[in-house]
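Data first, discussion second: the structure below is written as structure tokens.
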Amino acid sequence: MFSVGPSKPFVERLGAFIADPQAVVDLRRYFGIGLPPGTVPFTGSRFEHLAGGGDRPEVADRITAEDLVAVQTLSVTVPAPVALDILEGRLGTRLSGLLQAIPRDVDMVDADALVVADGSPADRAWSLLCEQYGLSWVIAGKVLARKRPRLLPVYDRVVRCAVGRPPSFWLALHAALREDDAALHRRLLELRQVAGVPETVSALRVCDVAVWMNHQALGHACP
């Protein structure tokens with residue numbers, strides 16, 4: 001089995017964001033918990049749930065127009081030529097083939113590290129997206145997070161600025177979630193429950209939102 005130990009600074013930074021009492025406040029604000037129905041303070045709160053989600057069985061292995069709209073709720077846009085190739089062209093066919101090889105119903109913490117390692121179908125799908133003109137690593141990651149929200153995290157420049165730059169964010173996060181009998185993963189589930197966030201929001205997304213909200217609130221200029 002392939003494995004990698006978590007970096008102590010990475011785990012400590014991540015743990016500090018999750019343990020901060022502000023995380024509950026931030027999650028409730030982000031997902032509109034306690035606000036009147038229809039109130040959407042952050043469009044990203046619809047990322048998981050738009051049109052029933054990107055990992056529902058009938059669409060899990062292909063990227064749909066709904067997925068591309070969902071990605072826009074996270075303030076990025078797949079360039080139109082790439083979007084058309086995904087929806088109607090060879091790029092979409094190639095991505096579907098890779099998606100079929102990526103587990104749909106497993107959390108990152110329970111997956112073998114090989115599932116998110118370099119050269120895995122998930123990594124190849126990410127690389128294929130990154131090869132497209134005008135499509136950055138941030139957008140590629142968000143597309144895949146929409147399709148496999150329990151397994152693949154949303155990762156952008158704010159989160160990278162907050163927790164550091166491990167050689168592989170996926171592997172570093174995987175190792176961190178599994179350390180100490182999955183203590184961090186269990187804390188994320190507890191945080192989700194305390195904040196009142198629906199269980200349909202993955203532990204990975206709870207982590208992303210808690211880190212992103214806290215760090216961007218501090219006004220850091222993240223490259």
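Quick note on naming: the chains in the structure tokens go A, B, ... in the order shown, residues restart at 1 in each chain, and ligands are numbered from 1 in order of appearance.
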
With a cut-off of 12 Å, could you pull out the residues of segment 114-212 of chain A touching segment 39-56 of chain A and give me the nearest pair of atoms for each, distance in Å to one decimal, using only C-alpha atoms, ordered by chain and ascending number, as CSV?
```
residue,atom,partner,partner_atom,distance
A:Lys142,CA,A:Phe47,CA,9.5
A:Val143,CA,A:Gly54,CA,9.4
A:Leu144,CA,A:Gly54,CA,9.3
A:Ala145,CA,A:Gly54,CA,8.8
A:Arg146,CA,A:Gly54,CA,5.4
A:Lys147,CA,A:Gly54,CA,4.8
A:Arg148,CA,A:Asp55,CA,6.0
A:Pro149,CA,A:Asp55,CA,7.4
A:Arg150,CA,A:Asp55,CA,9.3
A:Leu151,CA,A:Asp55,CA,10.7
A:Leu152,CA,A:Asp55,CA,11.6
A:Pro153,CA,A:Glu48,CA,11.8
A:Val154,CA,A:Phe47,CA,10.4
A:Val197,CA,A:Ser45,CA,10.3
A:Pro198,CA,A:His49,CA,10.3
A:Glu199,CA,A:Glu48,CA,11.1
A:Thr200,CA,A:Glu48,CA,7.9
A:Val201,CA,A:Glu48,CA,6.7
A:Ser202,CA,A:Glu48,CA,8.7
A:Leu204,CA,A:Glu48,CA,11.5
A:Arg205,CA,A:Glu48,CA,8.8
A:Val206,CA,A:Ser45,CA,10.8
A:Asp208,CA,A:Gly44,CA,11.2
A:Val209,CA,A:Gly44,CA,9.3
A:Trp212,CA,A:Gly44,CA,11.6
```

Contacts of Leu191 of chain A at 9 Å (only C-alpha atoms; same-chain gap of 6+ positions) as an mmCIF file with all heavy atoms, in the first residue's frame:
```cif
data_model
loop_
_atom_site.group_PDB
_atom_site.id
_atom_site.type_symbol
_atom_site.label_atom_id
_atom_site.label_comp_id
_atom_site.auth_asym_id
_atom_site.auth_seq_id
_atom_site.Cartn_x
_atom_site.Cartn_y
_atom_site.Cartn_z
ATOM 1 N N ILE A 18 -9.667 24.243 12.112
ATOM 2 C CA ILE A 18 -10.836 23.438 12.462
ATOM 3 C C ILE A 18 -11.212 23.631 13.930
ATOM 4 O O ILE A 18 -12.388 23.620 14.289
ATOM 5 C CB ILE A 18 -10.570 21.948 12.169
ATOM 6 C CG1 ILE A 18 -10.166 21.741 10.708
ATOM 7 C CG2 ILE A 18 -11.785 21.097 12.511
ATOM 8 C CD1 ILE A 18 -11.098 22.384 9.714
ATOM 9 N N ALA A 19 -10.209 23.807 14.792
ATOM 10 C CA ALA A 19 -10.464 23.961 16.230
ATOM 11 C C ALA A 19 -10.916 25.367 16.604
ATOM 12 O O ALA A 19 -11.479 25.571 17.689
ATOM 13 C CB ALA A 19 -9.199 23.597 17.016
ATOM 14 N N ALA A 23 -14.903 28.820 13.359
ATOM 15 C CA ALA A 23 -15.279 27.913 12.273
ATOM 16 C C ALA A 23 -16.783 27.657 12.246
ATOM 17 O O ALA A 23 -17.395 27.592 11.175
ATOM 18 C CB ALA A 23 -14.513 26.603 12.392
ATOM 19 N N VAL A 24 -17.394 27.501 13.402
ATOM 20 C CA VAL A 24 -18.847 27.272 13.464
ATOM 21 C C VAL A 24 -19.594 28.484 12.917
ATOM 22 O O VAL A 24 -20.524 28.353 12.108
ATOM 23 C CB VAL A 24 -19.298 26.969 14.909
ATOM 24 C CG1 VAL A 24 -20.821 26.924 14.991
ATOM 25 C CG2 VAL A 24 -18.704 25.648 15.380
ATOM 26 N N LEU A 27 -19.088 28.660 9.076
ATOM 27 C CA LEU A 27 -19.852 27.657 8.336
ATOM 28 C C LEU A 27 -21.331 28.023 8.276
ATOM 29 O O LEU A 27 -21.977 27.895 7.227
ATOM 30 C CB LEU A 27 -19.679 26.286 8.980
ATOM 31 C CG LEU A 27 -18.365 25.571 8.677
ATOM 32 C CD1 LEU A 27 -18.153 24.414 9.644
ATOM 33 C CD2 LEU A 27 -18.353 25.055 7.243
ATOM 34 N N VAL A 197 -24.765 22.134 9.446
ATOM 35 C CA VAL A 197 -24.602 21.980 7.997
ATOM 36 C C VAL A 197 -25.139 20.618 7.579
ATOM 37 O O VAL A 197 -24.912 19.624 8.269
ATOM 38 C CB VAL A 197 -23.114 22.124 7.605
ATOM 39 C CG1 VAL A 197 -22.903 21.837 6.123
ATOM 40 C CG2 VAL A 197 -22.614 23.516 7.966
ATOM 41 N N VAL A 206 -16.411 20.882 4.324
ATOM 42 C CA VAL A 206 -16.420 21.567 5.618
ATOM 43 C C VAL A 206 -15.026 22.109 5.913
ATOM 44 O O VAL A 206 -14.866 23.254 6.354
ATOM 45 C CB VAL A 206 -16.876 20.602 6.733
ATOM 46 C CG1 VAL A 206 -16.656 21.224 8.115
ATOM 47 C CG2 VAL A 206 -18.349 20.226 6.558
#
```

When DSSP is applied to the backbone of this structure, which of segment 23-131 of chain A are assigned alpha helix (DSSP H)? Write them out as an MDAnalysis selection string. chainID A and resid 23:30 65:72 80:88 90:99 121:130

Who sits within 12 Å of segment 171-187 of chain A, only C-alpha atoms, same chain under 6 positions skipped, as a short mmCIF file (atom, residue, chain, number, x, y, z; two decimals) with C-alpha atoms, in the first residue's frame:
```
data_model
loop_
_atom_site.label_atom_id
_atom_site.label_comp_id
_atom_site.auth_asym_id
_atom_site.auth_seq_id
_atom_site.Cartn_x
_atom_site.Cartn_y
_atom_site.Cartn_z
CA PHE A 2 1.31 3.43 -0.93
CA SER A 3 1.33 5.91 1.94
CA VAL A 4 2.97 9.13 3.00
CA GLY A 5 3.27 10.62 6.46
CA PRO A 6 1.64 13.99 7.04
CA SER A 7 3.78 17.08 7.45
CA LYS A 8 3.54 18.29 11.03
CA PRO A 9 3.25 22.01 10.11
CA PHE A 10 0.53 21.15 7.58
CA VAL A 11 -1.46 19.14 10.14
CA GLU A 12 -1.04 21.82 12.79
CA ARG A 13 -2.21 24.61 10.49
CA LEU A 14 -5.20 22.61 9.35
CA GLY A 15 -6.08 21.57 12.88
CA ALA A 16 -5.91 25.15 14.13
CA PHE A 17 -8.49 26.30 11.60
CA ILE A 18 -10.84 23.44 12.46
CA ALA A 19 -10.46 23.96 16.23
CA ASP A 20 -11.06 27.72 16.04
CA ALA A 23 -15.28 27.91 12.27
CA VAL A 24 -18.85 27.27 13.46
CA ASP A 107 -14.56 9.43 1.60
CA MET A 108 -10.94 10.49 1.19
CA VAL A 109 -10.16 9.26 4.70
CA ASP A 110 -11.28 5.72 3.78
CA ALA A 111 -9.64 5.58 0.36
CA ASP A 112 -6.26 4.04 -0.33
CA ALA A 113 -3.61 6.68 -0.97
CA LEU A 114 -3.14 5.23 -4.45
CA VAL A 115 -6.57 6.62 -5.38
CA VAL A 116 -5.24 10.19 -5.08
CA ALA A 117 -1.58 9.58 -5.90
CA ASP A 118 0.33 10.81 -8.93
CA SER A 120 -4.04 7.75 -10.57
CA ASP A 123 -4.58 12.78 -11.06
CA ARG A 150 -16.30 13.05 -0.76
CA LEU A 151 -12.97 12.07 -2.28
CA LEU A 152 -11.44 15.14 -3.94
CA PRO A 153 -11.21 18.54 -2.20
CA VAL A 154 -11.79 22.05 -3.41
CA TYR A 155 -8.36 23.67 -3.36
CA VAL A 159 -6.38 27.52 1.03
CA ARG A 160 -2.86 27.02 -0.33
CA VAL A 163 -1.99 25.72 4.98
CA GLY A 164 1.23 25.81 2.97
CA ARG A 165 2.34 24.12 -0.23
CA GLN A 193 -23.03 18.72 13.12
CA VAL A 194 -22.51 21.59 15.56
CA SER A 202 -18.74 16.36 2.71
CA ALA A 203 -16.11 16.53 5.42
CA LEU A 204 -13.69 17.80 2.76
CA ARG A 205 -15.96 20.70 1.94
CA VAL A 206 -16.42 21.57 5.62
CA CYS A 207 -12.63 21.71 5.87
CA ASP A 208 -12.31 23.87 2.77
#
```

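Taking atom CA of Glu131 of chain A and atom CA of Val82 of chain A as the two end points, the separation is 10.4 Å.
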